[in-house]
>>> print(open('run-v3.cif').read())   # mmCIF, C-alpha atoms
data_work
loop_
_atom_site.label_atom_id
_atom_site.label_comp_id
_atom_site.auth_asym_id
_atom_site.auth_seq_id
_atom_site.Cartn_x
_atom_site.Cartn_y
_atom_site.Cartn_z
CA MET A 1 62.09 18.83 -20.21
CA ALA A 2 59.68 19.91 -17.52
CA GLU A 3 62.38 22.13 -16.09
CA GLU A 4 62.84 23.84 -19.40
CA VAL A 5 59.15 24.57 -19.65
CA SER A 6 59.02 26.02 -16.19
CA SER A 7 62.04 28.25 -16.78
CA GLN A 8 60.35 29.48 -19.92
CA MET A 9 57.25 30.26 -17.86
CA ASN A 10 59.35 32.26 -15.45
CA SER A 11 61.02 34.35 -18.11
CA LEU A 12 57.64 35.07 -19.69
CA SER A 13 56.08 36.28 -16.48
CA ILE A 14 59.07 38.42 -15.57
CA SER A 15 58.75 40.32 -18.81
CA GLU A 16 55.17 41.16 -17.92
CA THR A 17 55.74 42.54 -14.44
CA ASN A 18 57.89 45.38 -13.27
CA PRO A 19 60.74 43.85 -11.27
CA SER A 20 61.37 47.09 -9.34
CA SER A 21 57.94 46.85 -7.67
CA SER A 22 58.63 43.41 -6.22
CA ALA A 23 59.64 44.86 -2.85
CA THR A 24 56.10 45.82 -1.93
CA ILE A 25 52.82 44.06 -2.54
CA SER A 26 49.90 46.01 -3.95
CA LEU A 27 46.51 44.98 -2.61
CA VAL A 28 43.63 46.25 -4.71
CA SER A 29 40.31 46.65 -2.90
CA GLY A 30 36.94 45.91 -4.50
CA ASP A 31 36.47 49.62 -5.19
CA ASP A 32 39.86 49.78 -6.96
CA ILE A 33 41.94 51.50 -4.30
CA VAL A 34 45.54 50.29 -4.18
CA PHE A 35 47.17 49.65 -0.81
CA LYS A 36 50.91 49.06 -0.84
CA VAL A 37 52.09 46.77 1.94
CA GLU A 38 55.32 45.10 2.97
CA PRO A 39 55.67 41.43 2.01
CA THR A 40 55.64 40.56 5.73
CA ILE A 41 52.07 41.91 5.95
CA ALA A 42 51.05 39.79 2.97
CA LYS A 43 52.44 36.75 4.80
CA GLU A 44 49.88 37.27 7.56
CA MET A 45 47.14 36.98 4.93
CA GLU A 46 47.25 33.34 3.93
CA THR A 47 45.08 33.83 0.86
CA VAL A 48 47.35 36.58 -0.46
CA GLN A 49 50.52 34.68 0.39
CA SER A 50 49.40 31.51 -1.35
CA PHE A 51 48.51 33.62 -4.40
CA ILE A 52 52.05 35.03 -4.38
CA ASP A 53 53.56 31.57 -3.89
CA GLU A 54 51.49 30.05 -6.70
CA THR A 55 52.80 32.65 -9.11
CA ASP A 56 56.38 32.23 -7.87
CA GLY A 57 56.36 35.74 -6.46
CA LYS A 58 56.21 37.27 -9.90
CA ILE A 59 52.78 38.79 -9.45
CA THR A 60 52.76 41.46 -6.77
CA THR A 61 49.45 43.17 -7.51
CA ILE A 62 46.65 41.23 -5.93
CA PRO A 63 42.99 42.03 -6.52
CA LEU A 64 40.78 41.54 -3.48
CA PRO A 65 37.38 42.12 -5.07
CA ASN A 66 35.31 41.32 -2.00
CA ILE A 67 37.13 43.58 0.41
CA SER A 68 36.29 47.28 0.41
CA SER A 69 38.74 50.16 0.85
CA HIS A 70 36.90 50.88 4.10
CA ASP A 71 37.75 47.49 5.62
CA LEU A 72 41.20 46.83 4.19
CA PRO A 73 43.07 49.45 6.30
CA TYR A 74 41.70 47.84 9.48
CA VAL A 75 42.94 44.43 8.34
CA ILE A 76 46.35 45.87 7.49
CA GLU A 77 46.54 47.66 10.84
CA TYR A 78 45.78 44.43 12.69
CA CYS A 79 48.41 42.51 10.70
CA GLU A 80 51.02 45.19 11.40
CA LYS A 81 50.38 44.99 15.12
CA SER A 82 50.41 41.22 14.93
CA ILE A 83 53.85 41.15 13.28
CA ALA A 84 55.18 43.63 15.83
CA GLY A 85 53.84 41.35 18.58
CA LYS A 86 51.75 44.23 19.89
CA ILE A 87 48.31 42.68 20.01
CA THR A 88 47.29 43.57 23.53
CA LYS A 89 43.90 43.60 25.22
CA GLU A 90 44.08 47.43 25.14
CA PHE A 91 44.82 47.52 21.42
CA GLU A 92 42.00 45.08 20.67
CA ALA A 93 39.51 47.04 22.77
CA GLU A 94 40.51 50.27 21.00
CA PHE A 95 40.42 48.53 17.61
CA VAL A 96 36.79 47.46 17.85
CA LYS A 97 35.52 50.48 19.77
CA LYS A 98 35.15 52.50 16.59
CA LEU A 99 33.41 49.70 14.66
CA ASN A 100 29.65 49.20 14.65
CA ASN A 101 28.11 45.74 14.43
CA GLU A 102 27.81 45.78 10.63
CA GLU A 103 31.44 46.83 10.24
CA VAL A 104 32.58 44.10 12.60
CA LYS A 105 30.67 41.60 10.46
CA GLU A 106 32.25 42.89 7.24
CA LEU A 107 35.69 42.69 8.80
CA PHE A 108 34.96 39.19 10.00
CA LEU A 109 34.10 38.18 6.42
CA ALA A 110 37.28 39.89 5.19
CA ALA A 111 39.38 38.02 7.76
CA ASN A 112 37.77 34.78 6.62
CA TYR A 113 38.40 35.53 2.95
CA LEU A 114 42.02 36.47 3.60
CA ASN A 115 42.36 33.53 5.99
CA ILE A 116 43.86 35.41 8.93
CA LYS A 117 43.28 32.99 11.78
CA LYS A 118 44.10 35.37 14.65
CA LEU A 119 41.84 38.13 13.38
CA LEU A 120 39.07 35.64 12.70
CA ASP A 121 39.26 34.22 16.23
CA PHE A 122 39.33 37.66 17.74
CA LEU A 123 36.35 38.93 15.74
CA SER A 124 34.35 35.75 16.46
CA GLN A 125 34.68 36.58 20.14
CA VAL A 126 33.81 40.26 19.55
CA ILE A 127 30.63 39.32 17.70
CA ALA A 128 29.75 36.69 20.30
CA ASP A 129 30.14 39.29 23.07
CA ARG A 130 28.07 41.84 21.17
CA ILE A 131 25.13 39.54 20.51
CA ALA A 132 25.26 37.83 23.91
CA ASN A 133 22.19 39.69 25.21
CA LYS A 134 20.31 40.13 21.95
CA SER A 135 16.98 38.67 20.99
CA VAL A 136 16.52 35.72 18.64
CA GLU A 137 15.04 38.16 16.08
CA TYR A 138 18.12 40.37 16.22
CA VAL A 139 20.50 37.45 15.73
CA ARG A 140 18.36 36.19 12.84
CA ARG A 141 18.52 39.58 11.11
CA TYR A 142 22.20 40.03 11.87
CA PHE A 143 23.23 36.76 10.25
CA GLY A 144 20.56 36.83 7.55
CA ILE A 145 19.00 33.60 8.79
CA GLU A 146 15.52 32.83 7.49
CA ASN A 147 12.93 31.57 9.93
CA ASP A 148 11.46 28.39 8.43
CA PHE A 149 9.36 27.39 11.44
CA THR A 150 5.60 27.64 11.25
CA PRO A 151 4.25 30.00 13.95
CA GLU A 152 2.91 26.94 15.79
CA GLU A 153 6.25 25.12 15.71
CA GLU A 154 8.10 28.18 16.93
CA ALA A 155 5.60 28.82 19.73
CA LYS A 156 5.92 25.21 20.89
CA LEU A 157 9.73 25.35 20.93
CA ARG A 158 9.69 28.70 22.74
CA GLU A 159 7.43 27.20 25.35
CA GLU A 160 9.88 24.34 25.92
CA LEU A 161 12.74 26.82 26.22
CA ALA A 162 10.77 29.41 28.20
CA TRP A 163 13.22 29.32 31.11
CA THR A 164 16.02 30.62 28.89
CA PHE A 165 14.13 33.75 27.82
CA THR A 166 15.02 36.04 30.69
CA GLY A 167 17.32 39.05 30.72
CA VAL A 168 17.26 39.72 26.96
CA ASP A 169 18.00 43.33 25.93
CA PRO A 170 15.29 45.09 23.93
CA ASP A 171 16.29 45.42 20.26
CA ASP A 172 17.98 48.69 19.45
CA GLU A 173 16.84 49.69 15.97
CA ASP A 174 19.43 52.41 15.31
CA GLU A 175 22.29 50.19 16.41
CA ASN A 176 23.97 50.37 13.01
CA SER B 177 56.64 11.35 -33.40
CA ARG B 178 58.68 11.80 -30.23
CA GLN B 179 60.11 14.95 -31.76
CA LYS B 180 56.60 16.21 -32.34
CA ARG B 181 55.55 15.60 -28.76
CA LEU B 182 58.53 17.52 -27.48
CA ARG B 183 57.73 20.46 -29.68
CA LEU B 184 54.18 20.43 -28.38
CA ARG B 185 55.37 20.60 -24.82
CA ARG B 186 57.56 23.56 -25.69
CA ASN B 187 54.68 25.33 -27.34
CA PRO B 188 54.41 28.80 -25.77
CA ASN B 189 50.63 28.47 -25.91
CA LEU B 190 50.95 25.98 -23.13
CA VAL B 191 52.53 28.65 -20.99
CA VAL B 192 49.84 31.14 -21.87
CA GLY B 193 47.31 28.46 -21.07
CA TRP B 194 48.52 28.62 -17.52
CA ARG B 195 47.36 32.19 -17.03
CA PRO B 196 43.60 32.14 -17.72
CA GLU B 197 43.33 29.77 -14.80
CA LEU B 198 44.34 32.65 -12.55
CA GLU B 199 41.89 34.98 -14.22
CA SER B 200 39.03 32.57 -13.78
CA GLU B 201 39.86 32.42 -10.09
CA MET B 202 39.54 36.18 -9.89
CA ALA B 203 36.26 36.09 -11.79
CA THR B 204 34.70 33.78 -9.21
CA ALA B 205 35.79 36.13 -6.47
CA GLU B 206 34.11 38.97 -8.34
CA GLU B 207 30.88 37.04 -8.67
CA ILE B 208 30.79 36.59 -4.92
CA ASN B 209 31.30 40.32 -4.56
CA ASN B 210 28.21 41.08 -6.64
CA ASP B 211 26.11 39.45 -3.97
CA SER B 212 26.04 42.58 -1.82
CA VAL B 213 24.07 41.17 1.13
CA PRO B 214 26.77 40.07 3.55
CA SER B 215 25.07 36.99 4.91
CA LEU B 216 27.45 34.61 6.58
CA PRO B 217 27.96 30.98 5.65
CA MET B 218 26.77 28.53 8.28
CA ASP B 219 30.23 27.29 9.31
CA LEU B 220 31.33 30.86 9.99
CA VAL B 221 28.23 31.56 12.06
CA GLY B 222 29.06 28.35 13.93
CA GLU B 223 32.49 29.78 14.81
CA ILE B 224 30.70 32.63 16.57
CA PHE B 225 27.93 30.55 18.12
CA CYS B 226 30.30 28.16 19.82
CA ARG B 227 31.52 31.14 21.87
CA LEU B 228 28.07 32.13 23.13
CA PRO B 229 26.68 31.48 26.59
CA VAL B 230 24.58 28.32 26.74
CA LYS B 231 21.39 30.14 27.65
CA LEU B 232 21.44 32.28 24.51
CA LEU B 233 22.38 29.27 22.40
CA LEU B 234 19.29 27.46 23.62
CA GLN B 235 17.16 30.48 22.69
CA LEU B 236 18.77 30.49 19.26
CA ARG B 237 17.34 27.05 18.59
CA CYS B 238 14.19 29.04 17.73
CA MET B 239 15.95 30.76 14.82
CA CYS B 240 15.30 28.17 12.15
CA LYS B 241 15.12 24.40 11.69
CA SER B 242 18.70 23.83 10.65
CA TRP B 243 20.10 25.79 13.60
CA ASN B 244 17.74 23.99 15.94
CA CYS B 245 19.38 20.73 14.81
CA LEU B 246 22.91 22.06 14.73
CA ILE B 247 22.86 23.57 18.21
CA SER B 248 21.62 20.24 19.59
CA ASP B 249 24.25 18.36 17.60
CA ARG B 250 26.91 16.48 19.61
CA ASN B 251 29.83 17.77 17.56
CA PHE B 252 28.72 21.33 18.09
CA THR B 253 28.23 20.92 21.83
CA ARG B 254 31.67 19.29 22.08
CA LYS B 255 33.27 22.22 20.32
CA HIS B 256 31.36 24.63 22.52
CA LEU B 257 32.50 22.80 25.62
CA SER B 258 36.15 22.73 24.62
CA LEU B 259 36.13 26.47 23.80
CA SER B 260 34.24 27.34 26.94
CA THR B 261 36.55 25.41 29.22
CA SER B 262 39.67 26.69 27.49
CA HIS B 263 38.62 30.31 27.96
CA ARG B 264 37.06 30.33 31.40
CA LEU B 265 37.66 28.61 34.68
CA HIS B 266 34.38 27.42 36.13
CA TYR B 267 33.87 26.24 39.65
CA ALA B 268 31.12 25.86 42.19
CA VAL B 269 31.30 26.88 45.83
CA TYR B 270 29.07 25.53 48.53
CA LYS B 271 28.05 27.96 51.25
CA SER B 272 26.56 26.55 54.43
CA GLU B 273 24.67 29.62 55.63
CA PRO B 274 22.32 29.87 53.89
CA HIS B 275 22.62 26.59 52.04
CA GLU B 276 23.59 27.66 48.54
CA LEU B 277 25.59 26.42 45.65
CA ILE B 278 27.24 29.33 43.88
CA HIS B 279 28.69 29.18 40.40
CA ASN B 280 31.77 31.29 39.72
CA SER B 281 33.78 31.67 36.58
CA TYR B 282 36.84 33.67 35.62
CA PRO B 283 38.33 34.32 32.20
CA LEU B 284 41.33 32.00 32.07
CA ASP B 285 43.74 34.76 31.09
CA SER B 286 42.96 36.53 34.37
CA VAL B 287 44.06 33.48 36.31
CA SER B 288 47.70 33.88 37.16
CA VAL B 289 49.80 30.81 37.59
CA LEU B 290 52.04 30.83 40.62
CA SER B 291 53.97 27.67 41.12
CA THR B 292 54.57 26.73 44.72
CA ASN B 293 54.92 23.52 46.61
CA LEU B 294 51.94 22.79 48.76
CA THR B 295 52.21 20.88 51.99
CA GLN B 296 49.57 19.57 54.34
CA GLN B 297 50.02 22.71 56.46
CA HIS B 298 49.33 24.96 53.52
CA LEU B 299 46.08 23.20 53.06
CA LEU B 300 44.81 24.72 56.27
CA LEU B 301 44.80 28.05 54.45
CA TYR B 302 42.33 26.75 51.97
CA ASN B 303 38.65 26.45 52.49
CA SER B 304 37.82 23.43 50.54
CA ILE B 305 38.43 21.53 47.41
CA THR B 306 35.88 23.14 45.14
CA ALA B 307 36.45 21.18 41.98
CA SER B 308 38.65 18.59 40.40
CA CYS B 309 39.47 17.76 36.85
CA ASP B 310 41.79 15.09 35.49
CA GLY B 311 43.47 14.80 38.88
CA ILE B 312 44.03 18.55 39.30
CA LEU B 313 42.35 19.93 42.39
CA CYS B 314 40.90 23.40 42.57
CA LEU B 315 41.20 24.97 46.03
CA GLN B 316 39.71 28.17 47.30
CA ILE B 317 41.70 30.48 49.57
CA LYS B 318 39.65 31.27 52.66
CA SER B 319 40.07 34.99 53.06
CA LYS B 320 41.13 36.43 49.74
CA GLY B 321 38.62 34.97 47.34
CA LEU B 322 41.44 33.42 45.31
CA VAL B 323 41.57 29.99 43.82
CA ALA B 324 44.55 27.71 43.41
CA LEU B 325 45.09 24.69 41.25
CA TRP B 326 46.98 21.83 42.81
CA ASN B 327 48.47 18.83 41.16
CA PRO B 328 49.07 16.46 44.08
#
>>> encode(input="run-v3.cif", output="structure tokens")
Amino acid sequence: MAEEVSSQMNSLSISETNPSSSATISLVSGDDIVFKVEPTIAKEMETVQSFIDETDGKITTIPLPNISSHDLPYVIEYCEKSIAGKITKEFEAEFVKKLNNEEVKELFLAANYLNIKKLLDFLSQVIADRIANKSVEYVRRYFGIENDFTPEEEAKLREELAWTFTGVDPDDEDEN
Amino acid sequence: SRQKRLRLRRNPNLVVGWRPELESEMATAEEINNDSVPSLPMDLVGEIFCRLPVKLLLQLRCMCKSWNCLISDRNFTRKHLSLSTSHRLHYAVYKSEPHELIHNSYPLDSVSVLSTNLTQQHLLLYNSITASCDGILCLQIKSKGLVALWNP
């Protein structure tokens, strides 16, 4: 009986989607721009792939409300290179060169949402490298971390850690 | 009554009932989107922090109370250690004139692995055993500033 129900479910969903579009996957960004990608690209994005699997491959238009049309092409580009086995140090350096710190952060969130392990690892390292010489204040602002120390508590801790506070870059306000 | 149950299970409403679940999933994603400030969840920030140099990490203890605890936490330091040692090769060299202990580190992917068989004679080429880990010895080549790993 369960089989019958599930076959009925299948036939219902088929009638609601266009079978001819099943070759490509449409990813819809938060600002409603549609990006058509090959199913192999979708496979790189675990979140998208599990969505496709859950719906038995019958739904090929996938809304990604928290990814903007600015970030999505970067993610797709990285996935394409990844499939082609062409993720080199040179490609990665070129890839992040054009991104400012805020964009890297957005892309990092996108990679996390889409669950792309390789991109997430790579961007973690990029962010770590970029903040390596920044001040505590910069890192706080960058990650939106609220300082809940009293001025006295913070001063005391800073005194204990005084030896670590050497060689910090001055904050660059127009960094973004 | 069995007949009735079967009819219920065949009820197309049941099939339709399967769809709103998907829609509700999308709705939650949309709610997250409305929160336009892209602040990162703590576990994600942790992913980045465990790749930072120790000195900066110690400074970052001043950020807020919870990070002060987390950076000092054993699990975090373990993760930091395992990432640090899987990405860089660290070793210390002792110089006799002047007496100095110098720390060197290379990114691991810049270390090329050449497999050769070492003999006692080869060892003359090497300055000293500069480090050892789990029975693997790290040797420094006298003239060229190269290091070799040896599993005796």
>>> resolve_selection(input="run-v3.cif", expression="the PyMOL selection byres ((chain A) within 6 of (chain B))", output="list of chain:residue names")
A:Met9, A:Pro65, A:Asn66, A:Ser124, A:Ala128, A:Val136, A:Phe143, A:Gly144, A:Asn147, A:Asp148, A:Thr164
>>> write_last_selection(input="run-v3.cif", atoms="C-alpha atoms", output="JSON list (two decimals), keeping the file's coordinate frame")
[["chain", "number", "residue", "atom", "x", "y", "z"],
["A", 9, "MET", "CA", 57.25, 30.26, -17.86],
["A", 65, "PRO", "CA", 37.38, 42.12, -5.07],
["A", 66, "ASN", "CA", 35.31, 41.32, -2.00],
["A", 124, "SER", "CA", 34.35, 35.75, 16.46],
["A", 128, "ALA", "CA", 29.75, 36.69, 20.30],
["A", 136, "VAL", "CA", 16.52, 35.72, 18.64],
["A", 143, "PHE", "CA", 23.23, 36.76, 10.25],
["A", 144, "GLY", "CA", 20.56, 36.83, 7.55],
["A", 147, "ASN", "CA", 12.93, 31.57, 9.93],
["A", 148, "ASP", "CA", 11.46, 28.39, 8.43],
["A", 164, "THR", "CA", 16.02, 30.62, 28.89]]
>>> residues_near_point(input="run-v3.cif", point="(36.0, 45.7, 1.5)", cutoff="8 Å", atoms="only C-alpha atoms", output="ChimeraX atom specification")
/A:29-31,65-72,106-107,110
>>> atom_distance(input="run-v3.cif", atom1="atom CA of A:Asn101", atom2="atom CA of A:Arg141")
11.9 Å
>>> resolve_selection(input="run-v3.cif", expression="the PyMOL selection byres ((chain A and resi 48) around 10)", output="VMD selection string")
chain A and resid 25 27 39 41 to 47 49 to 54 60 to 64 113 to 115
>>> decode(input="run-v3.cif", residues="stretch 123-141 of chain A", atoms="N, CA and C atoms", output="PDB file, in the first residue's frame")
ATOM      1  N   LEU A 123      37.671  29.577   2.237  1.00  0.00           N
ATOM      2  CA  LEU A 123      37.348  30.939   2.674  1.00  0.00           C
ATOM      3  C   LEU A 123      37.682  31.163   4.145  1.00  0.00           C
ATOM      4  N   SER A 124      37.598  30.109   4.966  1.00  0.00           N
ATOM      5  CA  SER A 124      38.019  30.237   6.371  1.00  0.00           C
ATOM      6  C   SER A 124      39.471  30.682   6.416  1.00  0.00           C
ATOM      7  N   GLN A 125      40.292  30.054   5.577  1.00  0.00           N
ATOM      8  CA  GLN A 125      41.711  30.386   5.555  1.00  0.00           C
ATOM      9  C   GLN A 125      41.924  31.803   5.024  1.00  0.00           C
ATOM     10  N   VAL A 126      41.150  32.186   3.992  1.00  0.00           N
ATOM     11  CA  VAL A 126      41.277  33.532   3.424  1.00  0.00           C
ATOM     12  C   VAL A 126      40.968  34.577   4.495  1.00  0.00           C
ATOM     13  N   ILE A 127      39.862  34.363   5.211  1.00  0.00           N
ATOM     14  CA  ILE A 127      39.487  35.331   6.250  1.00  0.00           C
ATOM     15  C   ILE A 127      40.547  35.349   7.356  1.00  0.00           C
ATOM     16  N   ALA A 128      40.996  34.166   7.756  1.00  0.00           N
ATOM     17  CA  ALA A 128      42.030  34.089   8.801  1.00  0.00           C
ATOM     18  C   ALA A 128      43.272  34.872   8.372  1.00  0.00           C
ATOM     19  N   ASP A 129      43.684  34.715   7.120  1.00  0.00           N
ATOM     20  CA  ASP A 129      44.864  35.436   6.628  1.00  0.00           C
ATOM     21  C   ASP A 129      44.626  36.941   6.629  1.00  0.00           C
ATOM     22  N   ARG A 130      43.398  37.332   6.258  1.00  0.00           N
ATOM     23  CA  ARG A 130      43.117  38.767   6.139  1.00  0.00           C
ATOM     24  C   ARG A 130      43.000  39.469   7.486  1.00  0.00           C
ATOM     25  N   ILE A 131      42.598  38.740   8.512  1.00  0.00           N
ATOM     26  CA  ILE A 131      42.469  39.418   9.811  1.00  0.00           C
ATOM     27  C   ILE A 131      43.690  39.174  10.706  1.00  0.00           C
ATOM     28  N   ALA A 132      44.670  38.444  10.168  1.00  0.00           N
ATOM     29  CA  ALA A 132      45.801  38.019  11.005  1.00  0.00           C
ATOM     30  C   ALA A 132      46.523  39.173  11.700  1.00  0.00           C
ATOM     31  N   ASN A 133      46.552  40.356  11.073  1.00  0.00           N
ATOM     32  CA  ASN A 133      47.252  41.475  11.709  1.00  0.00           C
ATOM     33  C   ASN A 133      46.321  42.588  12.161  1.00  0.00           C
ATOM     34  N   LYS A 134      45.034  42.256  12.271  1.00  0.00           N
ATOM     35  CA  LYS A 134      44.070  43.302  12.631  1.00  0.00           C
ATOM     36  C   LYS A 134      43.943  43.445  14.142  1.00  0.00           C
ATOM     37  N   SER A 135      43.344  44.563  14.531  1.00  0.00           N
ATOM     38  CA  SER A 135      43.157  44.820  15.959  1.00  0.00           C
ATOM     39  C   SER A 135      41.944  44.055  16.477  1.00  0.00           C
ATOM     40  N   VAL A 136      41.880  43.918  17.782  1.00  0.00           N
ATOM     41  CA  VAL A 136      40.728  43.276  18.426  1.00  0.00           C
ATOM     42  C   VAL A 136      39.437  43.990  18.021  1.00  0.00           C
ATOM     43  N   GLU A 137      39.491  45.339  17.964  1.00  0.00           N
ATOM     44  CA  GLU A 137      38.300  46.128  17.618  1.00  0.00           C
ATOM     45  C   GLU A 137      37.819  45.793  16.206  1.00  0.00           C
ATOM     46  N   TYR A 138      38.783  45.651  15.288  1.00  0.00           N
ATOM     47  CA  TYR A 138      38.419  45.337  13.907  1.00  0.00           C
ATOM     48  C   TYR A 138      37.726  43.974  13.836  1.00  0.00           C
ATOM     49  N   VAL A 139      38.317  42.992  14.499  1.00  0.00           N
ATOM     50  CA  VAL A 139      37.761  41.633  14.456  1.00  0.00           C
ATOM     51  C   VAL A 139      36.365  41.615  15.085  1.00  0.00           C
ATOM     52  N   ARG A 140      36.202  42.367  16.176  1.00  0.00           N
ATOM     53  CA  ARG A 140      34.892  42.487  16.820  1.00  0.00           C
ATOM     54  C   ARG A 140      33.857  43.022  15.837  1.00  0.00           C
ATOM     55  N   ARG A 141      34.198  44.123  15.181  1.00  0.00           N
ATOM     56  CA  ARG A 141      33.273  44.733  14.200  1.00  0.00           C
ATOM     57  C   ARG A 141      32.992  43.775  13.061  1.00  0.00           C
TER      58      ARG A 141
END
